[in-house]
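*Asks:* Structure file model.txt (compact mmCIF, C-alpha atoms and all ligand atoms) right here:
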```txt
# COMPACT_ATOMS: atom_id res chain seq x y z
CA MET T 8 86.42 90.79 130.53
CA LEU T 9 89.98 90.75 129.29
CA ILE T 10 92.86 90.43 131.74
CA ASP T 11 96.30 91.26 130.40
CA VAL T 12 98.52 89.84 133.12
CA ALA T 13 101.33 92.25 132.21
CA SER T 14 99.28 95.25 133.40
CA ALA T 15 96.64 93.76 135.73
CA GLU T 16 96.65 93.84 139.55
CA VAL T 17 97.92 90.60 141.10
CA VAL T 18 94.69 90.22 143.09
CA THR T 19 92.59 90.47 139.90
CA VAL T 20 94.68 87.75 138.27
CA TYR T 21 94.45 85.60 141.41
CA GLN T 22 90.67 85.95 141.64
CA ALA T 23 90.20 85.05 137.97
CA LEU T 24 92.51 82.04 138.26
CA VAL T 25 90.85 80.54 141.34
CA GLY T 26 87.41 81.21 139.85
CA ILE T 27 88.28 79.42 136.62
CA VAL T 28 90.48 76.51 137.69
CA THR T 29 87.77 74.70 139.61
CA PRO T 30 87.05 72.63 141.54
CA ARG T 31 90.45 72.37 143.20
CA PRO T 32 91.17 69.48 145.55
CA ILE T 33 92.57 70.39 148.93
CA ALA T 34 95.94 69.27 150.28
CA TRP T 35 95.60 69.39 154.06
CA VAL T 36 99.26 69.37 154.98
CA THR T 37 101.07 68.53 158.21
CA THR T 38 104.71 69.61 158.53
CA VAL T 39 107.15 70.06 161.43
CA ASP T 40 109.90 72.56 162.12
CA ASP T 41 113.42 71.67 163.30
CA GLN T 42 112.13 71.48 166.89
CA GLY T 43 109.32 69.09 165.94
CA ARG T 44 106.58 71.69 166.35
CA VAL T 45 103.61 70.78 164.16
CA ASN T 46 101.99 72.96 161.51
CA LEU T 47 98.74 72.13 159.69
CA ALA T 48 97.25 74.13 156.79
CA PRO T 49 95.08 73.62 153.67
CA PHE T 50 96.29 74.31 150.12
CA SER T 51 94.07 74.12 147.04
CA PHE T 52 96.81 74.79 144.53
CA PHE T 53 97.21 71.02 144.57
CA ASN T 54 97.02 67.89 142.50
CA ALA T 55 98.60 64.50 141.68
CA PHE T 56 100.82 64.17 138.60
CA GLY T 57 101.93 60.59 138.17
CA ALA T 58 101.86 57.23 139.85
CA ASN T 59 105.27 55.66 139.28
CA PRO T 60 106.58 57.04 141.53
CA PRO T 61 103.43 58.71 142.86
CA VAL T 62 103.92 62.48 142.67
CA VAL T 63 101.89 65.27 144.21
CA VAL T 64 102.41 69.03 143.92
CA PHE T 65 101.01 71.83 146.05
CA SER T 66 101.90 75.49 146.30
CA PRO T 67 102.24 77.54 149.47
CA THR T 68 102.40 80.93 147.79
CA LEU T 69 104.27 83.89 149.20
CA ARG T 70 102.16 86.03 151.52
CA ARG T 71 100.95 89.41 150.30
CA ASP T 72 103.93 90.99 152.10
CA GLY T 73 106.25 88.64 150.17
CA SER T 74 107.13 86.43 153.19
CA LYS T 75 107.11 82.63 153.19
CA LYS T 76 104.31 80.68 154.89
CA ASP T 77 105.18 78.40 157.82
CA THR T 78 104.54 75.25 155.76
CA LEU T 79 107.20 76.29 153.25
CA LEU T 80 109.68 77.32 155.96
CA ASN T 81 109.17 73.94 157.66
CA LEU T 82 109.65 71.99 154.43
CA GLU T 83 112.94 73.79 153.82
CA VAL T 84 114.30 72.33 157.09
CA VAL T 85 112.34 69.05 157.37
CA PRO T 86 111.46 68.00 153.79
CA GLU T 87 108.61 65.64 154.65
CA PHE T 88 104.84 66.09 154.92
CA VAL T 89 101.55 64.26 155.38
CA LEU T 90 98.53 64.89 153.16
CA ASN T 91 95.34 64.45 155.16
CA ALA T 92 92.06 64.19 153.24
CA ALA T 93 89.78 67.22 153.45
CA VAL T 94 86.38 65.55 153.76
CA GLU T 95 82.91 66.96 154.38
CA ASP T 96 82.80 66.05 158.07
CA LEU T 97 86.09 67.90 158.63
CA ALA T 98 85.24 71.02 156.60
CA ALA T 99 85.02 73.36 159.60
CA PRO T 100 88.27 72.27 161.30
CA MET T 101 90.02 72.23 157.90
CA ASN T 102 88.98 75.84 157.36
CA ALA T 103 89.99 76.73 160.94
CA THR T 104 93.53 75.51 160.25
CA SER T 105 93.94 78.14 157.52
CA LYS T 106 94.20 80.78 160.24
CA GLU T 107 97.62 82.43 160.29
CA LEU T 108 98.95 81.56 163.75
CA PRO T 109 102.44 82.57 164.95
CA ARG T 110 105.17 80.14 163.80
CA GLY T 111 105.38 77.15 166.12
CA GLN T 112 101.79 77.47 167.39
CA SER T 113 99.66 74.44 166.47
CA GLU T 114 96.64 74.96 164.23
CA ALA T 115 95.70 71.30 164.84
CA GLU T 116 95.35 71.88 168.56
CA SER T 117 93.34 75.08 168.21
CA ALA T 118 90.99 73.31 165.75
CA GLY T 119 90.43 70.46 168.25
CA LEU T 120 92.08 67.82 166.05
CA THR T 121 94.04 64.77 167.20
CA LEU T 122 97.57 64.11 165.94
CA ARG T 123 98.99 60.60 165.60
CA PRO T 124 102.53 59.60 164.54
CA ALA T 125 103.08 58.79 160.88
CA VAL T 126 104.90 55.61 159.82
CA LYS T 127 107.58 56.85 157.38
CA VAL T 128 107.87 60.59 158.00
CA ARG T 129 108.36 62.91 160.96
CA PRO T 130 105.22 65.11 160.63
CA PRO T 131 102.16 63.52 162.25
CA ARG T 132 98.81 62.57 160.77
CA VAL T 133 95.45 64.14 161.54
CA ALA T 134 93.79 61.13 163.17
CA GLU T 135 90.24 62.21 162.22
CA SER T 136 91.05 62.05 158.48
CA PRO T 137 90.18 58.72 156.76
CA VAL T 138 93.15 58.91 154.38
CA HIS T 139 96.82 59.76 154.90
CA MET T 140 99.56 60.04 152.31
CA GLU T 141 103.06 60.27 153.74
CA CYS T 142 105.39 62.19 151.42
CA ARG T 143 109.00 63.21 150.95
CA VAL T 144 109.91 66.46 149.17
CA ARG T 145 111.66 65.84 145.84
CA GLN T 146 112.02 69.49 144.90
CA ILE T 147 110.80 72.95 145.83
CA LEU T 148 110.46 75.17 142.79
CA PRO T 149 109.86 78.90 143.42
CA ILE T 150 108.30 80.80 140.50
CA GLY T 151 108.37 84.55 141.09
CA ASP T 152 109.23 86.54 144.20
CA GLY T 153 106.29 88.93 144.70
CA PRO T 154 102.96 88.59 146.53
CA ILE T 155 101.07 85.32 145.81
CA ALA T 156 104.08 83.93 143.89
CA ALA T 157 104.06 80.15 143.56
CA ASN T 158 106.34 77.72 145.38
CA LEU T 159 105.80 74.32 143.84
CA VAL T 160 106.41 71.67 146.45
CA ILE T 161 106.95 68.49 144.48
CA GLY T 162 106.49 65.50 146.73
CA GLU T 163 106.88 61.77 146.33
CA VAL T 164 104.26 59.69 148.11
CA LEU T 165 105.88 56.97 150.22
CA LEU T 166 102.85 55.49 151.97
CA ILE T 167 99.10 55.64 151.37
CA ASP T 168 96.88 54.60 154.27
CA ILE T 169 93.16 54.37 153.53
CA ASP T 170 90.46 53.59 156.08
CA ASP T 171 88.66 50.46 154.82
CA ALA T 172 85.36 52.21 155.63
CA VAL T 173 85.76 54.43 152.53
CA LEU T 174 86.43 51.56 150.10
CA ASP T 175 83.93 49.90 147.77
CA PRO T 176 83.65 46.09 147.63
CA SER T 177 86.35 45.90 144.91
CA GLY T 178 88.87 47.78 147.08
CA ARG T 179 88.72 51.13 145.28
CA VAL T 180 88.06 54.38 147.05
CA ASP T 181 84.30 55.05 146.94
CA PRO T 182 83.73 58.81 146.47
CA ARG T 183 80.31 58.50 148.11
CA LYS T 184 82.03 57.27 151.24
CA LEU T 185 85.18 59.41 151.18
CA ARG T 186 83.22 62.62 150.47
CA THR T 187 86.13 64.95 149.74
CA ILE T 188 85.36 68.62 149.40
CA ALA T 189 86.96 70.98 146.87
CA ARG T 190 87.58 74.69 146.54
CA LEU T 191 85.96 77.06 144.07
CA GLY T 192 86.53 80.83 143.84
CA GLY T 193 86.03 83.14 146.85
CA SER T 194 84.76 81.25 149.88
CA SER T 195 82.76 78.66 147.88
CA TYR T 196 83.30 74.92 148.12
CA CYS T 197 81.71 71.92 146.47
CA ARG T 198 81.08 68.31 147.41
CA SER T 199 82.17 65.31 145.36
CA THR T 200 78.92 63.38 145.65
CA ASP T 201 77.08 64.62 142.52
CA LEU T 202 78.45 61.92 140.24
CA PHE T 203 77.90 60.72 136.70
CA GLU T 204 79.67 57.93 134.85
CA MET T 205 81.26 57.78 131.38
CA GLU T 206 83.25 54.91 129.92
CA ARG T 207 86.42 55.85 128.06
CA PRO T 208 86.23 55.44 124.29
C1 LIG O 301 90.54 75.68 151.38
C2 LIG O 301 91.75 76.56 151.43
C3 LIG O 301 92.70 76.46 150.43
C4 LIG O 301 93.86 77.24 150.47
N1 LIG O 301 94.78 77.11 149.47
C5 LIG O 301 95.96 77.77 149.54
C6 LIG O 301 96.96 77.56 148.55
O1 LIG O 301 96.82 76.78 147.62
N2 LIG O 301 98.13 78.23 148.70
C7 LIG O 301 98.36 79.07 149.75
O2 LIG O 301 99.44 79.63 149.85
N3 LIG O 301 97.42 79.30 150.70
C8 LIG O 301 96.23 78.65 150.63
N4 LIG O 301 95.29 78.84 151.60
C9 LIG O 301 95.61 79.72 152.74
C10 LIG O 301 96.52 78.99 153.73
O3 LIG O 301 95.87 77.83 154.25
C11 LIG O 301 96.86 79.94 154.89
O4 LIG O 301 97.65 81.00 154.39
C12 LIG O 301 97.59 79.26 156.01
O5 LIG O 301 97.59 80.10 157.15
C13 LIG O 301 99.02 78.90 155.69
O6 LIG O 301 99.51 78.28 156.82
P1 LIG O 301 101.02 78.29 157.27
O7 LIG O 301 101.52 79.73 157.29
O8 LIG O 301 100.90 77.68 158.63
O9 LIG O 301 101.77 77.45 156.29
C14 LIG O 301 94.08 78.13 151.55
C15 LIG O 301 93.12 78.24 152.56
C16 LIG O 301 91.95 77.47 152.50
C17 LIG O 301 90.91 77.59 153.57
```
Translate this structure into structure tokens?
*Replies:*
Amino acid sequence: MLIDVASAEVVTVYQALVGIVTPRPIAWVTTVDDQGRVNLAPFSFFNAFGANPPVVVFSPTLRRDGSKKDTLLNLEVVPEFVLNAAVEDLAAPMNATSKELPRGQSEAESAGLTLRPAVKVRPPRVAESPVHMECRVRQILPIGDGPIAANLVIGEVLLIDIDDAVLDPSGRVDPRKLRTIARLGGSSYCRSTDLFEMERP
């Protein structure tokens, strides 16, 4: 199959992209609006891009009608967020928080999750998650203005809080204990527990 982006349907391009760029880690993002109302949603256009300072990027794309998602609207007024780890035990509530609720209505509450205050930022943490990264927005970079257009939220991580229960004896995160899940194309996910090791040359 050959997809010439210049003439293809946006949905075809999207489906190819998310089927090919796999597995994608999941940013499970808490934000607040100017009244402090909490929003929680997952984003798999996500990764980390450096460590000094630690930088993460995720992309709340424009909706198919071209409107901005609540996460993006919130970040434009309160430029702080918390990344909660999407782990196997929380797969169902994580997915539940992708439901489009009216602005200001809490996905965390409807998914039965507990919110706890963060240390350095205004949005709260999802208490059930074993890892929290508290972040400040450095830049929001829109690319395109049509349906599913990217909005790169470039964030600087200010605080990383890891539950000791997911560490190995040397103090590194043990993937067998953290058990993050990742997104493939369509509605498929994968686990991060099928490991193999390779030393760098
Ligand atoms: C696992 C998963 C990954 C997702 N990744 C993205 C993404 O990268 N970008 C995006 O705009 N929407 C993504 N979505 C859809 C959003 O979570 C959904 O549109 C959500 O309602 C947005 O919430 P908000 O309007 O409260 O910000 C994803 C959904 C799921 C379940």
*Asks:* Show me which residues line ligand LIG 301 (chain O), defined as having an atom within 7 Å of a ligand atom where only C-alpha atoms and all ligand atoms count, and present them as a list in words.
*Replies:* Ile33, Asn46, Leu47, Ala48, Pro49, Phe50, Ser51, Phe52, Phe53, Phe65, Ser66, Pro67, Thr68, Leu69, Lys76, Asp77, Thr78, Leu79, Met101, Asn102, Thr104, Ser105, Lys106, Glu107, Leu108 and Arg190 of chain T
*Asks:* Could you make a table, as a tab-separated table, of the residues of region 46-129 of chain T that have an atom within 12 Å of an atom of region 167-182 of chain T, each with its nearest atom pair and distance in Å to one decimal, counting all atoms listed in the file, in chain and number order?
*Replies:*
```
residue	atom	partner	partner_atom	distance
T:Ala58	CA	T:Ile167	CA	12.0
T:Pro61	CA	T:Ile167	CA	10.0
T:Val89	CA	T:Ile167	CA	9.8
T:Leu90	CA	T:Ile167	CA	9.4
T:Asn91	CA	T:Asp168	CA	10.0
T:Ala92	CA	T:Ile169	CA	9.9
T:Val94	CA	T:Pro182	CA	10.3
T:Glu95	CA	T:Pro182	CA	11.4
T:Ala125	CA	T:Asp168	CA	10.0
T:Val126	CA	T:Asp168	CA	9.8
T:Lys127	CA	T:Ile167	CA	10.5
```
*Asks:* Please report the interatomic distance between CA of Leu165 (chain T) and CA of Thr37 (chain T) in Å with one decimal.
*Replies:*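 Separating CA of Leu165 (chain T) from CA of Thr37 (chain T) is a distance of 14.9 Å.
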*Asks:* State, in Å with one decimal place, the distance from CA of Glu87 (chain T) to CA of Val39 (chain T).
*Replies:*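 Distance between the two atoms: 8.2 Å.
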*Asks:* CA of Asp40 (chain T) and CA of Ala189 (chain T), how far apart in Å?
*Replies:*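 Calculated distance between CA of Ala189 (chain T) and CA of Asp40 (chain T) is 27.6 Å.
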*Asks:* Restricting the calculation to only C-alpha atoms, which member of T:Val64, T:Val25, T:Val85, T:Val45 is positioned closest to Leu148 (chain T)?
*Replies:* T:Val64
*Asks:* Taking into account only C-alpha atoms, which residue in the set T:Arg183, T:Lys75, T:His139, T:Arg145 is nearest to Pro60 (chain T)?
*Replies:*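 The closest residue to Pro60 (chain T) is T:Arg145.
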*Asks:* Can you tell me which residues surround Ile27 (chain T) at a distance of at most 10 Å, considering only C-alpha atoms, apart from same-chain residues fewer than 4 positions away, and format the answer as a ChimeraX atom specification?
*Replies:* /T:21-23,31,191-192
*Asks:* Taking only C-alpha atoms into account, which of T:Ser195, T:Leu120, T:Leu24, T:Gln112 comes nearest Arg132 (chain T)?
*Replies:* T:Leu120
